[in-house]
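Structure data follow from entry31.txt (compact mmCIF, C-alpha atoms and all ligand atoms):
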```txt
# COMPACT_ATOMS: atom_id res chain seq x y z
CA MET A 1 81.32 97.10 99.25
CA ALA A 2 80.20 96.99 102.86
CA GLU A 3 76.56 96.10 103.46
CA PRO A 4 74.30 99.05 104.33
CA GLY A 5 74.38 99.53 108.08
CA ALA A 6 77.52 97.39 108.45
CA PRO A 7 80.14 98.86 110.81
CA ARG A 8 83.09 100.73 109.35
CA LEU A 9 86.10 98.43 109.77
CA ARG A 10 89.00 100.32 108.19
CA VAL A 11 91.98 100.67 110.57
CA ASP A 12 95.17 102.73 110.49
CA VAL A 13 98.11 100.44 111.35
CA GLY A 14 100.84 103.10 111.18
CA GLY A 15 103.40 104.24 108.63
CA GLY A 16 100.62 105.51 106.36
CA LEU A 17 99.08 102.06 105.90
CA THR A 18 95.36 101.46 106.39
CA LEU A 19 93.70 98.05 106.13
CA LYS A 20 90.11 97.42 105.00
CA ASN A 21 89.52 95.41 108.16
CA PRO A 22 91.70 94.51 111.17
CA VAL A 23 91.83 90.70 110.73
CA ILE A 24 95.15 89.45 109.31
CA ALA A 25 96.47 85.95 108.54
CA ALA A 26 99.57 85.34 110.72
CA SER A 27 103.01 84.34 109.48
CA GLY A 28 103.81 80.65 109.21
CA THR A 29 100.19 79.55 109.36
CA PHE A 30 98.99 80.75 105.95
CA GLY A 31 101.84 79.67 103.65
CA TYR A 32 102.56 82.30 101.00
CA GLY A 33 98.84 83.11 100.86
CA VAL A 34 98.38 81.82 97.32
CA GLU A 35 97.92 78.22 98.56
CA PHE A 36 94.67 79.35 100.24
CA ALA A 37 93.24 81.11 97.17
CA GLY A 38 90.90 78.25 96.21
CA VAL A 39 89.82 77.64 99.81
CA THR A 40 88.94 81.06 101.18
CA ASP A 41 88.28 84.56 99.86
CA LEU A 42 91.66 86.28 100.22
CA ALA A 43 90.09 89.68 99.44
CA ALA A 44 88.01 89.36 102.63
CA LEU A 45 91.16 89.51 104.80
CA GLY A 46 92.65 92.71 106.20
CA ALA A 47 96.12 91.49 105.16
CA ILE A 48 98.19 88.35 104.71
CA VAL A 49 101.55 87.92 106.46
CA VAL A 50 103.62 85.36 104.58
CA LYS A 51 105.92 82.69 106.03
CA GLY A 52 109.19 84.13 107.38
CA LEU A 53 111.61 84.74 104.49
CA SER A 54 115.40 84.61 104.56
CA LEU A 55 118.16 85.56 102.14
CA GLU A 56 118.65 81.94 101.04
CA PRO A 57 116.14 79.06 101.09
CA SER A 58 116.07 77.23 104.43
CA ALA A 59 115.09 73.60 105.11
CA GLY A 60 114.10 74.09 108.74
CA HIS A 61 114.26 71.44 111.45
CA PRO A 62 113.84 67.68 110.98
CA ALA A 63 110.48 65.98 111.74
CA PRO A 64 108.57 65.57 114.00
CA ARG A 65 107.94 69.31 113.92
CA LEU A 66 104.35 69.61 115.16
CA VAL A 67 102.55 68.23 118.20
CA GLU A 68 99.05 68.89 119.49
CA THR A 69 98.79 69.95 123.14
CA ALA A 70 95.91 70.86 125.48
CA ALA A 71 94.09 73.79 123.81
CA GLY A 72 96.95 74.40 121.43
CA MET A 73 99.91 73.01 119.57
CA MET A 74 103.67 73.25 119.48
CA ASN A 75 105.81 73.68 116.42
CA ALA A 76 109.50 73.50 115.69
CA ILE A 77 109.39 74.19 111.96
CA GLY A 78 112.70 76.02 112.19
CA LEU A 79 111.86 78.80 109.72
CA GLN A 80 111.69 76.66 106.60
CA ASN A 81 111.13 78.87 103.55
CA ILE A 82 111.86 79.25 99.84
CA GLY A 83 114.02 82.36 100.21
CA VAL A 84 113.37 85.97 99.18
CA ARG A 85 114.17 85.57 95.52
CA ALA A 86 111.84 82.62 94.87
CA PHE A 87 109.10 84.36 96.87
CA VAL A 88 109.36 87.54 94.82
CA GLU A 89 109.51 85.68 91.50
CA THR A 90 107.03 82.85 92.00
CA LYS A 91 104.56 83.79 94.78
CA LEU A 92 104.29 87.58 94.97
CA PRO A 93 102.85 88.23 91.48
CA ARG A 94 99.74 86.13 92.22
CA LEU A 95 99.52 87.23 95.82
CA ARG A 96 99.54 90.97 95.04
CA ALA A 97 96.65 90.38 92.61
CA SER A 98 94.57 88.82 95.41
CA GLY A 99 93.01 92.11 96.50
CA THR A 100 94.50 92.17 99.97
CA ALA A 101 97.56 93.78 101.55
CA VAL A 102 100.71 91.64 101.50
CA VAL A 103 103.03 91.77 104.51
CA ALA A 104 106.43 90.09 104.23
CA ASN A 105 107.69 88.48 107.45
CA PHE A 106 111.45 87.96 107.36
CA TRP A 107 114.52 87.02 109.39
CA GLY A 108 118.30 86.88 109.16
CA ASN A 109 121.21 85.31 111.00
CA VAL A 110 122.85 88.60 111.93
CA PRO A 111 121.65 92.25 111.92
CA GLU A 112 123.31 93.05 108.55
CA GLU A 113 121.46 90.15 106.94
CA TYR A 114 118.16 91.51 108.23
CA GLY A 115 119.06 94.77 106.49
CA GLU A 116 119.84 92.99 103.26
CA VAL A 117 116.58 91.02 103.22
CA ALA A 118 114.59 94.16 104.07
CA GLY A 119 116.28 95.96 101.17
CA ARG A 120 115.47 93.20 98.68
CA LEU A 121 111.84 92.99 99.76
CA SER A 122 111.52 96.77 99.45
CA GLU A 123 112.61 96.65 95.82
CA ALA A 124 109.81 94.23 94.98
CA GLU A 125 106.47 95.53 93.76
CA GLY A 126 103.33 94.98 95.79
CA ILE A 127 104.47 94.58 99.41
CA ALA A 128 102.47 96.77 101.81
CA ALA A 129 104.64 96.32 104.92
CA LEU A 130 107.54 94.34 106.37
CA GLU A 131 107.32 92.32 109.59
CA VAL A 132 110.67 91.66 111.26
CA ASN A 133 110.70 88.33 113.04
CA ILE A 134 113.14 88.61 115.92
CA SER A 135 111.08 86.30 118.01
CA SER A 136 110.93 82.79 116.70
CA PRO A 137 112.15 80.43 119.41
CA ASN A 138 113.08 77.78 116.87
CA LYS A 139 116.51 78.87 115.81
CA ARG A 140 118.45 78.10 118.89
CA GLU A 141 121.42 80.31 118.19
CA TRP A 142 119.36 83.46 117.98
CA GLY A 143 115.85 82.69 119.22
CA ARG A 144 117.35 83.04 122.63
CA ILE A 145 119.58 85.89 121.65
CA ILE A 146 118.07 88.55 119.37
CA ALA A 147 114.51 88.49 120.65
CA THR A 148 115.55 88.38 124.27
CA ASP A 149 118.55 90.71 124.01
CA PRO A 150 117.70 94.43 124.04
CA GLN A 151 120.90 95.49 122.28
CA LEU A 152 120.59 92.92 119.48
CA THR A 153 116.93 93.80 119.06
CA ARG A 154 117.96 97.42 118.63
CA GLU A 155 120.59 96.52 116.03
CA VAL A 156 118.20 94.35 114.01
CA VAL A 157 115.41 96.92 113.93
CA ARG A 158 117.92 99.65 113.06
CA ALA A 159 119.35 97.60 110.18
CA ALA A 160 115.89 96.87 108.80
CA ARG A 161 114.76 100.48 109.21
CA ARG A 162 117.81 101.81 107.36
CA SER A 163 117.20 99.45 104.44
CA SER A 164 113.52 100.12 103.84
CA ARG A 165 110.94 102.89 103.58
CA LEU A 166 108.06 100.44 103.80
CA PRO A 167 105.96 100.41 106.98
CA LEU A 168 107.99 98.32 109.42
CA TRP A 169 106.34 95.99 111.95
CA VAL A 170 108.41 94.29 114.65
CA LYS A 171 107.16 90.93 115.91
CA LEU A 172 107.93 90.50 119.60
CA SER A 173 108.62 87.42 121.68
CA PRO A 174 106.69 86.59 124.86
CA ASN A 175 109.75 84.70 126.17
CA VAL A 176 111.00 87.73 128.10
CA THR A 177 110.34 89.19 131.53
CA ASP A 178 108.96 92.53 130.28
CA VAL A 179 107.82 92.72 126.67
CA THR A 180 107.28 96.49 126.88
CA VAL A 181 111.06 97.03 127.09
CA PHE A 182 111.38 95.49 123.61
CA ALA A 183 108.35 97.36 122.25
CA ARG A 184 109.93 100.65 123.33
CA ILE A 185 113.21 99.74 121.65
CA ALA A 186 111.37 98.96 118.41
CA GLU A 187 109.58 102.31 118.62
CA GLU A 188 112.80 104.20 119.32
CA GLU A 189 114.41 102.60 116.26
CA GLY A 190 111.63 103.73 113.95
CA ALA A 191 109.22 100.78 113.84
CA ASP A 192 105.74 101.75 112.64
CA ALA A 193 103.98 99.01 114.65
CA VAL A 194 104.73 96.13 117.00
CA CYS A 195 103.06 92.71 116.70
CA LEU A 196 102.72 90.33 119.63
CA ILE A 197 102.91 87.60 120.65
CA ASN A 198 104.95 84.97 118.89
CA THR A 199 104.92 81.45 120.39
CA LEU A 200 105.91 80.54 123.96
CA VAL A 201 108.76 78.05 124.27
CA GLY A 202 107.54 74.68 125.53
CA MET A 203 108.19 70.97 125.52
CA ALA A 204 106.24 67.73 125.03
CA ILE A 205 107.34 64.24 126.10
CA ASP A 206 106.77 60.74 124.71
CA LEU A 207 106.62 58.83 127.99
CA ASP A 208 107.05 55.31 126.59
CA ARG A 209 110.03 56.21 124.42
CA ARG A 210 111.39 58.46 127.18
CA ARG A 211 112.09 61.16 124.61
CA PRO A 212 110.99 64.65 123.67
CA ILE A 213 108.32 64.42 120.91
CA LEU A 214 109.77 67.21 118.79
CA ALA A 215 113.06 66.44 117.06
CA ASN A 216 114.20 69.91 118.07
CA ARG A 217 113.49 68.98 121.70
CA THR A 218 111.54 72.21 122.34
CA GLY A 219 108.96 74.09 120.30
CA GLY A 220 106.70 77.14 120.22
CA LEU A 221 103.30 76.88 121.90
CA SER A 222 100.39 78.57 120.10
CA GLY A 223 96.58 78.43 120.00
CA PRO A 224 93.82 79.14 122.56
CA ALA A 225 96.10 78.09 125.46
CA ILE A 226 98.17 81.28 125.04
CA LYS A 227 95.33 83.80 124.57
CA PRO A 228 95.19 85.15 128.15
CA VAL A 229 98.98 85.65 128.17
CA ALA A 230 98.85 87.42 124.79
CA LEU A 231 95.98 89.63 125.85
CA ARG A 232 97.82 90.76 128.97
CA MET A 233 101.00 91.52 127.03
CA VAL A 234 99.08 93.48 124.37
CA HIS A 235 97.27 95.41 127.12
CA ASP A 236 100.59 96.36 128.74
CA THR A 237 102.28 97.24 125.44
CA VAL A 238 99.47 99.51 124.25
CA ARG A 239 100.10 101.56 127.38
CA ALA A 240 103.88 101.67 126.85
CA VAL A 241 104.23 102.87 123.22
CA ARG A 242 102.54 105.36 120.90
CA ILE A 243 102.84 103.27 117.71
CA PRO A 244 100.03 100.83 116.82
CA VAL A 245 100.03 97.39 118.44
CA ILE A 246 98.85 94.33 116.52
CA GLY A 247 97.54 91.54 118.77
CA ILE A 248 98.24 87.85 118.15
CA GLY A 249 97.72 84.69 120.18
CA GLY A 250 94.98 82.10 120.37
CA ILE A 251 92.29 84.05 118.54
CA THR A 252 89.63 81.70 117.15
CA THR A 253 86.42 83.79 117.11
CA GLY A 254 85.24 87.31 116.34
CA ASP A 255 84.70 87.88 120.06
CA ASP A 256 88.34 86.89 120.79
CA ALA A 257 89.42 89.52 118.24
CA LEU A 258 87.11 92.10 119.85
CA GLU A 259 88.82 91.48 123.22
CA PHE A 260 92.24 92.34 121.76
CA LEU A 261 90.84 95.47 120.06
CA LEU A 262 89.13 96.55 123.28
CA VAL A 263 92.42 96.51 125.20
CA GLY A 264 93.85 98.69 122.43
CA ALA A 265 95.21 96.53 119.60
CA ARG A 266 94.71 98.25 116.24
CA ALA A 267 94.47 94.92 114.41
CA VAL A 268 94.83 91.19 115.10
CA GLN A 269 96.48 88.21 113.47
CA ILE A 270 95.07 84.70 113.24
CA GLY A 271 97.52 81.77 113.36
CA THR A 272 96.75 78.29 114.70
CA ALA A 273 93.00 78.68 114.01
CA SER A 274 93.83 78.30 110.29
CA PHE A 275 95.11 74.76 111.00
CA VAL A 276 91.66 73.80 112.29
CA ASP A 277 89.71 75.74 109.66
CA PRO A 278 91.50 77.26 106.63
CA THR A 279 88.67 79.79 106.30
CA ALA A 280 89.07 80.97 109.93
CA THR A 281 90.57 84.39 109.17
CA ALA A 282 87.71 85.38 106.82
CA ARG A 283 85.14 83.94 109.25
CA ILE A 284 86.62 85.90 112.18
CA ALA A 285 86.48 89.11 110.10
CA ARG A 286 82.77 88.45 109.47
CA GLU A 287 82.08 87.61 113.11
CA LEU A 288 83.91 90.72 114.26
CA ALA A 289 81.67 92.92 112.09
CA GLN A 290 78.60 91.11 113.43
CA GLY A 291 79.86 91.49 117.01
CA LEU A 292 80.29 95.25 116.59
CA ALA A 293 76.88 95.64 114.94
CA ALA A 294 75.22 93.62 117.72
CA ARG A 295 76.76 96.03 120.24
CA GLY A 296 75.58 99.09 118.29
CA VAL A 297 79.11 100.15 117.26
CA ALA A 298 79.07 101.85 113.84
CA ASP A 299 82.80 102.54 113.57
CA ILE A 300 85.56 100.25 114.82
CA GLY A 301 87.41 103.37 116.02
CA ASP A 302 84.73 103.73 118.69
CA TRP A 303 85.64 100.28 120.04
CA ILE A 304 89.45 100.14 119.88
CA GLY A 305 91.09 100.92 123.23
CA THR A 306 87.86 101.68 125.10
CA LEU A 307 88.40 99.14 127.89
CA ASP A 308 86.92 100.32 131.17
CA ASP A 309 88.37 99.95 134.66
CA PRO A 310 87.29 96.89 136.64
C1 LIG B 1 103.49 76.32 112.35
C2 LIG B 1 103.80 77.74 112.73
C3 LIG B 1 104.77 78.45 112.02
C4 LIG B 1 105.07 79.78 112.36
N1 LIG B 1 106.01 80.47 111.64
C5 LIG B 1 106.25 81.79 111.93
C6 LIG B 1 107.16 82.56 111.14
O1 LIG B 1 107.74 82.09 110.14
N2 LIG B 1 107.40 83.86 111.50
C7 LIG B 1 106.76 84.43 112.58
O2 LIG B 1 106.98 85.61 112.87
N3 LIG B 1 105.86 83.73 113.31
C8 LIG B 1 105.59 82.44 113.01
N4 LIG B 1 104.66 81.74 113.76
C9 LIG B 1 103.97 82.40 114.90
C10 LIG B 1 102.55 82.86 114.53
O3 LIG B 1 102.57 83.81 113.49
C11 LIG B 1 101.82 83.45 115.77
O4 LIG B 1 102.55 84.55 116.26
C12 LIG B 1 101.65 82.43 116.91
O5 LIG B 1 101.35 81.15 116.39
C13 LIG B 1 100.58 82.82 117.92
O6 LIG B 1 99.31 82.98 117.30
P1 LIG B 1 98.18 81.81 117.28
O7 LIG B 1 97.98 81.37 118.69
O8 LIG B 1 96.97 82.46 116.65
O9 LIG B 1 98.73 80.72 116.42
C14 LIG B 1 104.36 80.40 113.43
C15 LIG B 1 103.38 79.68 114.14
C16 LIG B 1 103.09 78.37 113.80
C17 LIG B 1 102.01 77.64 114.58
```

Any chance you could give the structure as structure tokens?
Ligand SMILES: Cc1cc2nc3c(=O)[nH]c(=O)nc-3n(C[C@H](O)[C@H](O)[C@H](O)COP(=O)(O)O)c2cc1C
Amino acid sequence: MAEPGAPRLRVDVGGGLTLKNPVIAASGTFGYGVEFAGVTDLAALGAIVVKGLSLEPSAGHPAPRLVETAAGMMNAIGLQNIGVRAFVETKLPRLRASGTAVVANFWGNVPEEYGEVAGRLSEAEGIAALEVNISSPNKREWGRIIATDPQLTREVVRAARRSSRLPLWVKLSPNVTDVTVFARIAEEEGADAVCLINTLVGMAIDLDRRRPILANRTGGLSGPAIKPVALRMVHDTVRAVRIPVIGIGGITTGDDALEFLLVGARAVQIGTASFVDPTATARIARELAQGLAARGVADIGDWIGTLDDP
């Protein structure tokens, strides 16, 4: 129950899905959710997006796979995961009992495989929405292809849409010239929401060994360093599509989240902040409510998308 006088936080994220609050744990930074059950109150989160799932288990890239950078970090995990079947059998039963919406992030090697994974996830009980990951930069053969290729993006979203009636979110890559082109394609192919941004491709060097630090050579930059870029891309995308936009990138406080909502995001996801503080997503949800109350906003709908001109 909300406290008396607390702002109304429920948001409509498209496809008939509403969330109790707009603060969501981002894919790849919150495991399969259940690992955090003893650490933070999962029921306090708007939703949990699980690590990207594939048809078969995947080992990901060799180590080193993480490196800290100025105001952020880079990862080259390479989409390691236990596969759809193990997720549905061993993680989902506990996760769906956690009192929060479960969103399944997933990927495939080719468009048909995306369709197959979407179909399998749709048969499982207790998944509130699917999030198609076309945007990870880690899988070299397609990180540069699907997410940055309009035609392949179209085929992947189409295959996923045909295979599922669940609300479909498409996670977009910032590693393109104009992200709104890809948001429009997702909308045209029946996506219910777009989520952005995924990580920005970067590189870190070990000077003394004269080598890249990450075994994969390059990795995805995340954390506070990318927030201004994310905010600008969300701002532009909100003005380019009619479906809800979910903002991601460098959010570490309730005020950061309020900035994304002000430019028009319907909800936000919290990624790297969970590496610093595993309770960050719940804390940000609390701070967001306090931030609205302090500004005299009784309903989050009166805040979303109300950015003024300079
Ligand atoms: C270690 C790590 C693993 C990630 N794995 C995934 C993934 O499996 N699927 C996906 O769509 N995004 C993945 N992401 C991207 C995040 O969900 C998020 O979009 C990005 O990190 C930017 O948000 P942040 O600055 O709050 O971390 C991953 C990010 C990190 C740091």

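Distances to Ala6 of chain A were evaluated for A:Leu168, A:Val50, A:Ile213, A:Leu292 using all atoms listed in the file, and the minimum falls at A:Leu292.
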
Interatomic distance between atom CA of Ala47 of chain A and atom CA of Val102 of chain A?
5.9 Å

Using all atoms listed in the file, list the residues that have an atom at most 8 Å from (107.5, 89.1, 105.1), coordinates as in the file, as JSON, numbers by chain.
{"A": [27, 49, 50, 51, 52, 53, 103, 104, 105, 106, 121, 129, 130, 131, 132]}

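Residue nearest Gly15 of chain A within the list A:Ala97, A:Ile243, A:Ile77, A:Ala215: A:Ile243 [criterion: smallest interatomic distance, all atoms listed in the file].
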
Around the point (110.3, 76.0, 124.9), in the coordinates given by the file, pick out the residues reaching within 10 Å, counting all atoms listed in the file, and return them as JSON, numbers by chain.
{"A": [74, 75, 76, 137, 138, 175, 199, 200, 201, 202, 203, 204, 216, 217, 218, 219, 220, 221]}

Preceding selection exported with C-alpha atoms as an mmCIF file, in the coordinates of the input:
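Below you can see again.cif, which holds the result:
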```cif
data_model
loop_
_atom_site.group_PDB
_atom_site.id
_atom_site.type_symbol
_atom_site.label_atom_id
_atom_site.label_comp_id
_atom_site.auth_asym_id
_atom_site.auth_seq_id
_atom_site.Cartn_x
_atom_site.Cartn_y
_atom_site.Cartn_z
ATOM 1 C CA MET A 74 103.670 73.250 119.480
ATOM 2 C CA ASN A 75 105.810 73.680 116.420
ATOM 3 C CA ALA A 76 109.500 73.500 115.690
ATOM 4 C CA PRO A 137 112.150 80.430 119.410
ATOM 5 C CA ASN A 138 113.080 77.780 116.870
ATOM 6 C CA ASN A 175 109.750 84.700 126.170
ATOM 7 C CA THR A 199 104.920 81.450 120.390
ATOM 8 C CA LEU A 200 105.910 80.540 123.960
ATOM 9 C CA VAL A 201 108.760 78.050 124.270
ATOM 10 C CA GLY A 202 107.540 74.680 125.530
ATOM 11 C CA MET A 203 108.190 70.970 125.520
ATOM 12 C CA ALA A 204 106.240 67.730 125.030
ATOM 13 C CA ASN A 216 114.200 69.910 118.070
ATOM 14 C CA ARG A 217 113.490 68.980 121.700
ATOM 15 C CA THR A 218 111.540 72.210 122.340
ATOM 16 C CA GLY A 219 108.960 74.090 120.300
ATOM 17 C CA GLY A 220 106.700 77.140 120.220
ATOM 18 C CA LEU A 221 103.300 76.880 121.900
#
```

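Interatomic distance, atom CA of Ser274 of chain A to atom CA of Leu9 of chain A: 21.6 Å.
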
Select from chain A every residue with an atom at most 7 Å from any atom of ligand LIG 1 (chain B), then for each give the shortest pair of atoms and their distance in Å to one decimal, using all atoms listed in the file, rows by chain and rising number, as JSON lines.
```
{"residue": "A:Ala26", "atom": "CA", "partner": "B:LIG1", "partner_atom": "O3", "distance": 4.4}
{"residue": "A:Ser27", "atom": "CA", "partner": "B:LIG1", "partner_atom": "O3", "distance": 4.1}
{"residue": "A:Gly28", "atom": "CA", "partner": "B:LIG1", "partner_atom": "N1", "distance": 3.3}
{"residue": "A:Thr29", "atom": "CA", "partner": "B:LIG1", "partner_atom": "C2", "distance": 5.3}
{"residue": "A:Lys51", "atom": "CA", "partner": "B:LIG1", "partner_atom": "O1", "distance": 4.5}
{"residue": "A:Gly52", "atom": "CA", "partner": "B:LIG1", "partner_atom": "O1", "distance": 3.7}
{"residue": "A:Met74", "atom": "CA", "partner": "B:LIG1", "partner_atom": "C17", "distance": 6.8}
{"residue": "A:Asn75", "atom": "CA", "partner": "B:LIG1", "partner_atom": "C1", "distance": 5.4}
{"residue": "A:Ile77", "atom": "CA", "partner": "B:LIG1", "partner_atom": "C3", "distance": 6.3}
{"residue": "A:Leu79", "atom": "CA", "partner": "B:LIG1", "partner_atom": "O1", "distance": 5.3}
{"residue": "A:Asn105", "atom": "CA", "partner": "B:LIG1", "partner_atom": "N2", "distance": 6.2}
{"residue": "A:Asn133", "atom": "CA", "partner": "B:LIG1", "partner_atom": "O2", "distance": 4.6}
{"residue": "A:Ser135", "atom": "CA", "partner": "B:LIG1", "partner_atom": "O2", "distance": 6.6}
{"residue": "A:Ser136", "atom": "CA", "partner": "B:LIG1", "partner_atom": "C7", "distance": 6.1}
{"residue": "A:Lys171", "atom": "CA", "partner": "B:LIG1", "partner_atom": "O2", "distance": 6.1}
{"residue": "A:Leu196", "atom": "CA", "partner": "B:LIG1", "partner_atom": "O4", "distance": 6.7}
{"residue": "A:Ile197", "atom": "CA", "partner": "B:LIG1", "partner_atom": "O4", "distance": 5.4}
{"residue": "A:Asn198", "atom": "CA", "partner": "B:LIG1", "partner_atom": "O4", "distance": 3.6}
{"residue": "A:Thr199", "atom": "CA", "partner": "B:LIG1", "partner_atom": "C12", "distance": 4.9}
{"residue": "A:Ser222", "atom": "CA", "partner": "B:LIG1", "partner_atom": "O7", "distance": 4.0}
{"residue": "A:Gly223", "atom": "CA", "partner": "B:LIG1", "partner_atom": "O7", "distance": 3.5}
{"residue": "A:Pro224", "atom": "CA", "partner": "B:LIG1", "partner_atom": "O7", "distance": 6.1}
{"residue": "A:Ile226", "atom": "CA", "partner": "B:LIG1", "partner_atom": "O7", "distance": 6.4}
{"residue": "A:Lys227", "atom": "CA", "partner": "B:LIG1", "partner_atom": "O7", "distance": 6.9}
{"residue": "A:Ile248", "atom": "CA", "partner": "B:LIG1", "partner_atom": "O6", "distance": 5.1}
{"residue": "A:Gly249", "atom": "CA", "partner": "B:LIG1", "partner_atom": "O7", "distance": 3.6}
{"residue": "A:Gly250", "atom": "CA", "partner": "B:LIG1", "partner_atom": "O7", "distance": 3.5}
{"residue": "A:Ile251", "atom": "CA", "partner": "B:LIG1", "partner_atom": "O8", "distance": 5.3}
{"residue": "A:Gln269", "atom": "CA", "partner": "B:LIG1", "partner_atom": "O8", "distance": 6.6}
{"residue": "A:Ile270", "atom": "CA", "partner": "B:LIG1", "partner_atom": "O8", "distance": 4.5}
{"residue": "A:Gly271", "atom": "CA", "partner": "B:LIG1", "partner_atom": "O8", "distance": 3.4}
{"residue": "A:Thr272", "atom": "CA", "partner": "B:LIG1", "partner_atom": "O9", "distance": 3.6}
{"residue": "A:Ala273", "atom": "CA", "partner": "B:LIG1", "partner_atom": "O8", "distance": 6.1}
```

In terms of all atoms listed in the file, the residue from A:Ser173, A:Asn81, A:Thr253, A:Asn21 at minimal distance from Ala147 of chain A is A:Ser173
